[in-house]
Amino acid sequence: MIGHIVLVILQFVGAFFGAPEVLRYIPVQGDPRTFVHAAIFAMIVWVIGLVGSFALKDVRMPSTSTLATALVGALIGAALMFVPQLLAAIPFKFPPLYLPLGGAILGYLLRR
């Protein structure tokens, strides 16, 4: 259990700080940039899960279906960013890019 908590924290921090660095090398602008950002979140979350499976106890190695589920979760989170009524209905404020990042981590955890 502790291994999974550490893994989620590592995935959040790694993807949050790593995705903008990777995104600098991809020439895309406008709204598609959000979906590319979400796909990068999912990829980084999966890679950290892969490395974490070797380093952390009781954490299994993720499969390619785990990557696909993380990607779907991240893209759903990115699509939710374009619904202003949803963002306005949430009682606390947070950066909108937390939605695709949370979707990627949640998708990873659903299929580990």
# chains A, B, ... in the order shown; residues from 1 in each chain; ligands from 1

$ select_by_dssp --residues "chain A" --states "alpha helix (DSSP H)" --output "VMD selection string"
chain A and resid 2 to 23 32 to 55 64 to 80 84 to 89 98 to 110

$ residues_around --residues "segment 44-49 of chain A" --least-positions-apart "3" --cutoff "8 Å" --atoms "only C-alpha atoms" --output "list in words"
Leu7, Leu10, Gln11, Phe12, Gly14, Ala15, Gly18, Ala19, Ile40, Phe41, Gly52, Ser53, Met61, Pro62, Thr66, Leu67, Ala70, Ala104, Ile105 and Tyr108 of chain A

$ write_last_selection --atoms "N, CA and C atoms" --output "PDB file, in the first residue's frame"
ATOM      1  N   LEU A   7       4.370   5.769  -5.276  1.00  0.00           N
ATOM      2  CA  LEU A   7       4.345   5.776  -6.738  1.00  0.00           C
ATOM      3  C   LEU A   7       3.452   6.897  -7.271  1.00  0.00           C
ATOM      4  N   LEU A  10       5.263  10.169  -6.837  1.00  0.00           N
ATOM      5  CA  LEU A  10       6.332  10.280  -7.830  1.00  0.00           C
ATOM      6  C   LEU A  10       5.776  10.555  -9.225  1.00  0.00           C
ATOM      7  N   GLN A  11       4.679   9.900  -9.571  1.00  0.00           N
ATOM      8  CA  GLN A  11       4.069  10.119 -10.881  1.00  0.00           C
ATOM      9  C   GLN A  11       3.554  11.547 -11.012  1.00  0.00           C
ATOM     10  N   PHE A  12       2.918  12.046  -9.969  1.00  0.00           N
ATOM     11  CA  PHE A  12       2.382  13.405 -10.017  1.00  0.00           C
ATOM     12  C   PHE A  12       3.504  14.420 -10.191  1.00  0.00           C
ATOM     13  N   GLY A  14       6.692  13.927 -11.119  1.00  0.00           N
ATOM     14  CA  GLY A  14       7.456  13.716 -12.345  1.00  0.00           C
ATOM     15  C   GLY A  14       6.733  14.205 -13.582  1.00  0.00           C
ATOM     16  N   ALA A  15       5.452  13.914 -13.679  1.00  0.00           N
ATOM     17  CA  ALA A  15       4.685  14.336 -14.853  1.00  0.00           C
ATOM     18  C   ALA A  15       4.433  15.836 -14.845  1.00  0.00           C
ATOM     19  N   GLY A  18       7.907  17.277 -15.651  1.00  0.00           N
ATOM     20  CA  GLY A  18       8.539  16.741 -16.843  1.00  0.00           C
ATOM     21  C   GLY A  18       7.806  17.038 -18.139  1.00  0.00           C
ATOM     22  N   ALA A  19       6.489  17.096 -18.093  1.00  0.00           N
ATOM     23  CA  ALA A  19       5.709  17.308 -19.320  1.00  0.00           C
ATOM     24  C   ALA A  19       5.995  18.654 -19.986  1.00  0.00           C
ATOM     25  N   ILE A  40       1.417  13.396 -23.150  1.00  0.00           N
ATOM     26  CA  ILE A  40       2.739  13.369 -22.518  1.00  0.00           C
ATOM     27  C   ILE A  40       2.605  13.021 -21.037  1.00  0.00           C
ATOM     28  N   PHE A  41       1.575  13.568 -20.383  1.00  0.00           N
ATOM     29  CA  PHE A  41       1.314  13.203 -18.986  1.00  0.00           C
ATOM     30  C   PHE A  41       1.173  11.685 -18.856  1.00  0.00           C
ATOM     31  N   GLY A  52       9.225   2.490 -11.330  1.00  0.00           N
ATOM     32  CA  GLY A  52       8.827   2.262  -9.947  1.00  0.00           C
ATOM     33  C   GLY A  52       8.540   0.808  -9.635  1.00  0.00           C
ATOM     34  N   SER A  53       8.137   0.037 -10.642  1.00  0.00           N
ATOM     35  CA  SER A  53       7.869  -1.383 -10.393  1.00  0.00           C
ATOM     36  C   SER A  53       9.144  -2.146 -10.056  1.00  0.00           C
ATOM     37  N   MET A  61       4.561  -4.554 -12.530  1.00  0.00           N
ATOM     38  CA  MET A  61       4.980  -3.904 -13.761  1.00  0.00           C
ATOM     39  C   MET A  61       3.748  -3.585 -14.616  1.00  0.00           C
ATOM     40  N   PRO A  62       3.637  -2.346 -15.104  1.00  0.00           N
ATOM     41  CA  PRO A  62       2.483  -1.996 -15.936  1.00  0.00           C
ATOM     42  C   PRO A  62       2.617  -2.575 -17.342  1.00  0.00           C
ATOM     43  N   THR A  66      -2.128  -0.745 -19.667  1.00  0.00           N
ATOM     44  CA  THR A  66      -2.087   0.286 -18.635  1.00  0.00           C
ATOM     45  C   THR A  66      -1.772   1.634 -19.270  1.00  0.00           C
ATOM     46  N   LEU A  67      -0.855   1.647 -20.229  1.00  0.00           N
ATOM     47  CA  LEU A  67      -0.541   2.881 -20.955  1.00  0.00           C
ATOM     48  C   LEU A  67      -1.763   3.385 -21.700  1.00  0.00           C
ATOM     49  N   ALA A  70      -4.231   4.872 -19.201  1.00  0.00           N
ATOM     50  CA  ALA A  70      -3.741   6.167 -18.722  1.00  0.00           C
ATOM     51  C   ALA A  70      -3.928   7.232 -19.794  1.00  0.00           C
ATOM     52  N   ALA A 104      -4.724  10.760 -16.033  1.00  0.00           N
ATOM     53  CA  ALA A 104      -3.664   9.818 -16.394  1.00  0.00           C
ATOM     54  C   ALA A 104      -3.315   8.923 -15.213  1.00  0.00           C
ATOM     55  N   ILE A 105      -3.191   9.507 -14.031  1.00  0.00           N
ATOM     56  CA  ILE A 105      -2.850   8.715 -12.843  1.00  0.00           C
ATOM     57  C   ILE A 105      -3.997   7.773 -12.482  1.00  0.00           C
ATOM     58  N   TYR A 108      -4.018   4.956 -14.897  1.00  0.00           N
ATOM     59  CA  TYR A 108      -2.931   4.028 -14.568  1.00  0.00           C
ATOM     60  C   TYR A 108      -3.329   3.122 -13.409  1.00  0.00           C
TER      61      TYR A 108
END

$ residues_around --residues "Leu87 of chain A" --least-positions-apart "5" --cutoff "12 Å" --atoms "only C-alpha atoms" --output "PyMOL selection string"
chain A and resi 77-82+92-99

$ write_last_selection --atoms "N, CA and C atoms" --output "PDB file, in the first residue's frame"
ATOM      1  N   GLY A  77      -9.651  13.868 -19.249  1.00  0.00           N
ATOM      2  CA  GLY A  77      -9.376  15.036 -18.415  1.00  0.00           C
ATOM      3  C   GLY A  77      -9.113  16.288 -19.243  1.00  0.00           C
ATOM      4  N   ALA A  78      -8.420  16.138 -20.362  1.00  0.00           N
ATOM      5  CA  ALA A  78      -8.162  17.283 -21.244  1.00  0.00           C
ATOM      6  C   ALA A  78      -9.456  17.774 -21.879  1.00  0.00           C
ATOM      7  N   ALA A  79     -10.330  16.857 -22.234  1.00  0.00           N
ATOM      8  CA  ALA A  79     -11.610  17.268 -22.822  1.00  0.00           C
ATOM      9  C   ALA A  79     -12.473  18.004 -21.798  1.00  0.00           C
ATOM     10  N   LEU A  80     -12.380  17.602 -20.532  1.00  0.00           N
ATOM     11  CA  LEU A  80     -13.154  18.281 -19.488  1.00  0.00           C
ATOM     12  C   LEU A  80     -12.688  19.722 -19.275  1.00  0.00           C
ATOM     13  N   MET A  81     -11.460  20.012 -19.656  1.00  0.00           N
ATOM     14  CA  MET A  81     -10.958  21.382 -19.520  1.00  0.00           C
ATOM     15  C   MET A  81     -11.715  22.356 -20.420  1.00  0.00           C
ATOM     16  N   PHE A  82     -12.343  21.847 -21.466  1.00  0.00           N
ATOM     17  CA  PHE A  82     -13.052  22.698 -22.410  1.00  0.00           C
ATOM     18  C   PHE A  82     -14.531  22.858 -22.063  1.00  0.00           C
ATOM     19  N   PHE A  92     -13.425  24.607  -5.344  1.00  0.00           N
ATOM     20  CA  PHE A  92     -12.080  25.112  -5.075  1.00  0.00           C
ATOM     21  C   PHE A  92     -11.340  25.298  -6.392  1.00  0.00           C
ATOM     22  N   LYS A  93     -10.421  26.223  -6.408  1.00  0.00           N
ATOM     23  CA  LYS A  93      -9.699  26.556  -7.639  1.00  0.00           C
ATOM     24  C   LYS A  93      -8.371  25.802  -7.688  1.00  0.00           C
ATOM     25  N   PHE A  94      -8.020  25.340  -8.866  1.00  0.00           N
ATOM     26  CA  PHE A  94      -6.768  24.627  -9.101  1.00  0.00           C
ATOM     27  C   PHE A  94      -6.386  24.846 -10.556  1.00  0.00           C
ATOM     28  N   PRO A  95      -5.128  24.632 -10.902  1.00  0.00           N
ATOM     29  CA  PRO A  95      -4.732  24.749 -12.312  1.00  0.00           C
ATOM     30  C   PRO A  95      -5.477  23.723 -13.167  1.00  0.00           C
ATOM     31  N   PRO A  96      -6.026  24.134 -14.298  1.00  0.00           N
ATOM     32  CA  PRO A  96      -6.810  23.210 -15.128  1.00  0.00           C
ATOM     33  C   PRO A  96      -6.025  21.999 -15.630  1.00  0.00           C
ATOM     34  N   LEU A  97      -4.697  22.113 -15.730  1.00  0.00           N
ATOM     35  CA  LEU A  97      -3.927  20.973 -16.207  1.00  0.00           C
ATOM     36  C   LEU A  97      -3.855  19.836 -15.199  1.00  0.00           C
ATOM     37  N   TYR A  98      -4.374  20.042 -13.998  1.00  0.00           N
ATOM     38  CA  TYR A  98      -4.470  18.945 -13.033  1.00  0.00           C
ATOM     39  C   TYR A  98      -5.502  17.907 -13.484  1.00  0.00           C
ATOM     40  N   LEU A  99      -6.477  18.308 -14.300  1.00  0.00           N
ATOM     41  CA  LEU A  99      -7.494  17.355 -14.768  1.00  0.00           C
ATOM     42  C   LEU A  99      -6.886  16.254 -15.642  1.00  0.00           C
TER      43      LEU A  99
END

$ residues_around --residues "Met1 of chain A" --least-positions-apart "2" --cutoff "10 Å" --atoms "only C-alpha atoms" --output "short mmCIF file (atom, residue, chain, number, x, y, z; two decimals) with N, CA and C atoms, in the first residue's frame"
data_model
loop_
_atom_site.label_atom_id
_atom_site.label_comp_id
_atom_site.auth_asym_id
_atom_site.auth_seq_id
_atom_site.Cartn_x
_atom_site.Cartn_y
_atom_site.Cartn_z
N GLY A 3 3.83 1.49 -1.08
CA GLY A 3 4.50 1.57 -2.37
C GLY A 3 3.65 2.28 -3.41
N HIS A 4 2.34 2.03 -3.39
CA HIS A 4 1.43 2.67 -4.34
C HIS A 4 1.29 4.16 -4.05
N ILE A 5 1.27 4.52 -2.78
CA ILE A 5 1.16 5.95 -2.42
C ILE A 5 2.42 6.69 -2.88
N VAL A 6 3.58 6.09 -2.64
CA VAL A 6 4.84 6.70 -3.08
C VAL A 6 4.86 6.80 -4.60
N LEU A 7 4.37 5.77 -5.28
CA LEU A 7 4.34 5.78 -6.74
C LEU A 7 3.45 6.90 -7.27
N LYS A 57 8.50 -1.99 -3.56
CA LYS A 57 7.98 -3.30 -3.20
C LYS A 57 6.46 -3.34 -3.42
N ASP A 58 5.94 -4.46 -3.85
CA ASP A 58 4.51 -4.70 -4.06
C ASP A 58 3.90 -3.87 -5.19
N VAL A 59 4.71 -3.33 -6.08
CA VAL A 59 4.19 -2.59 -7.23
C VAL A 59 4.48 -3.43 -8.46
#

$ closest_residue --among "A:Ala38, A:Met43, A:Leu56, A:Val51" --to "Leu75 of chain A" --atoms "only C-alpha atoms"
A:Ala38

$ atom_distance --atom1 "atom CA of Leu109 of chain A" --atom2 "atom CA of Thr69 of chain A"
9.0 Å

$ atom_distance --atom1 "atom CA of Ile76 of chain A" --atom2 "atom CA of Pro32 of chain A"
13.5 Å

$ atom_distance --atom1 "atom CA of Phe16 of chain A" --atom2 "atom CA of Pro100 of chain A"
10.5 Å
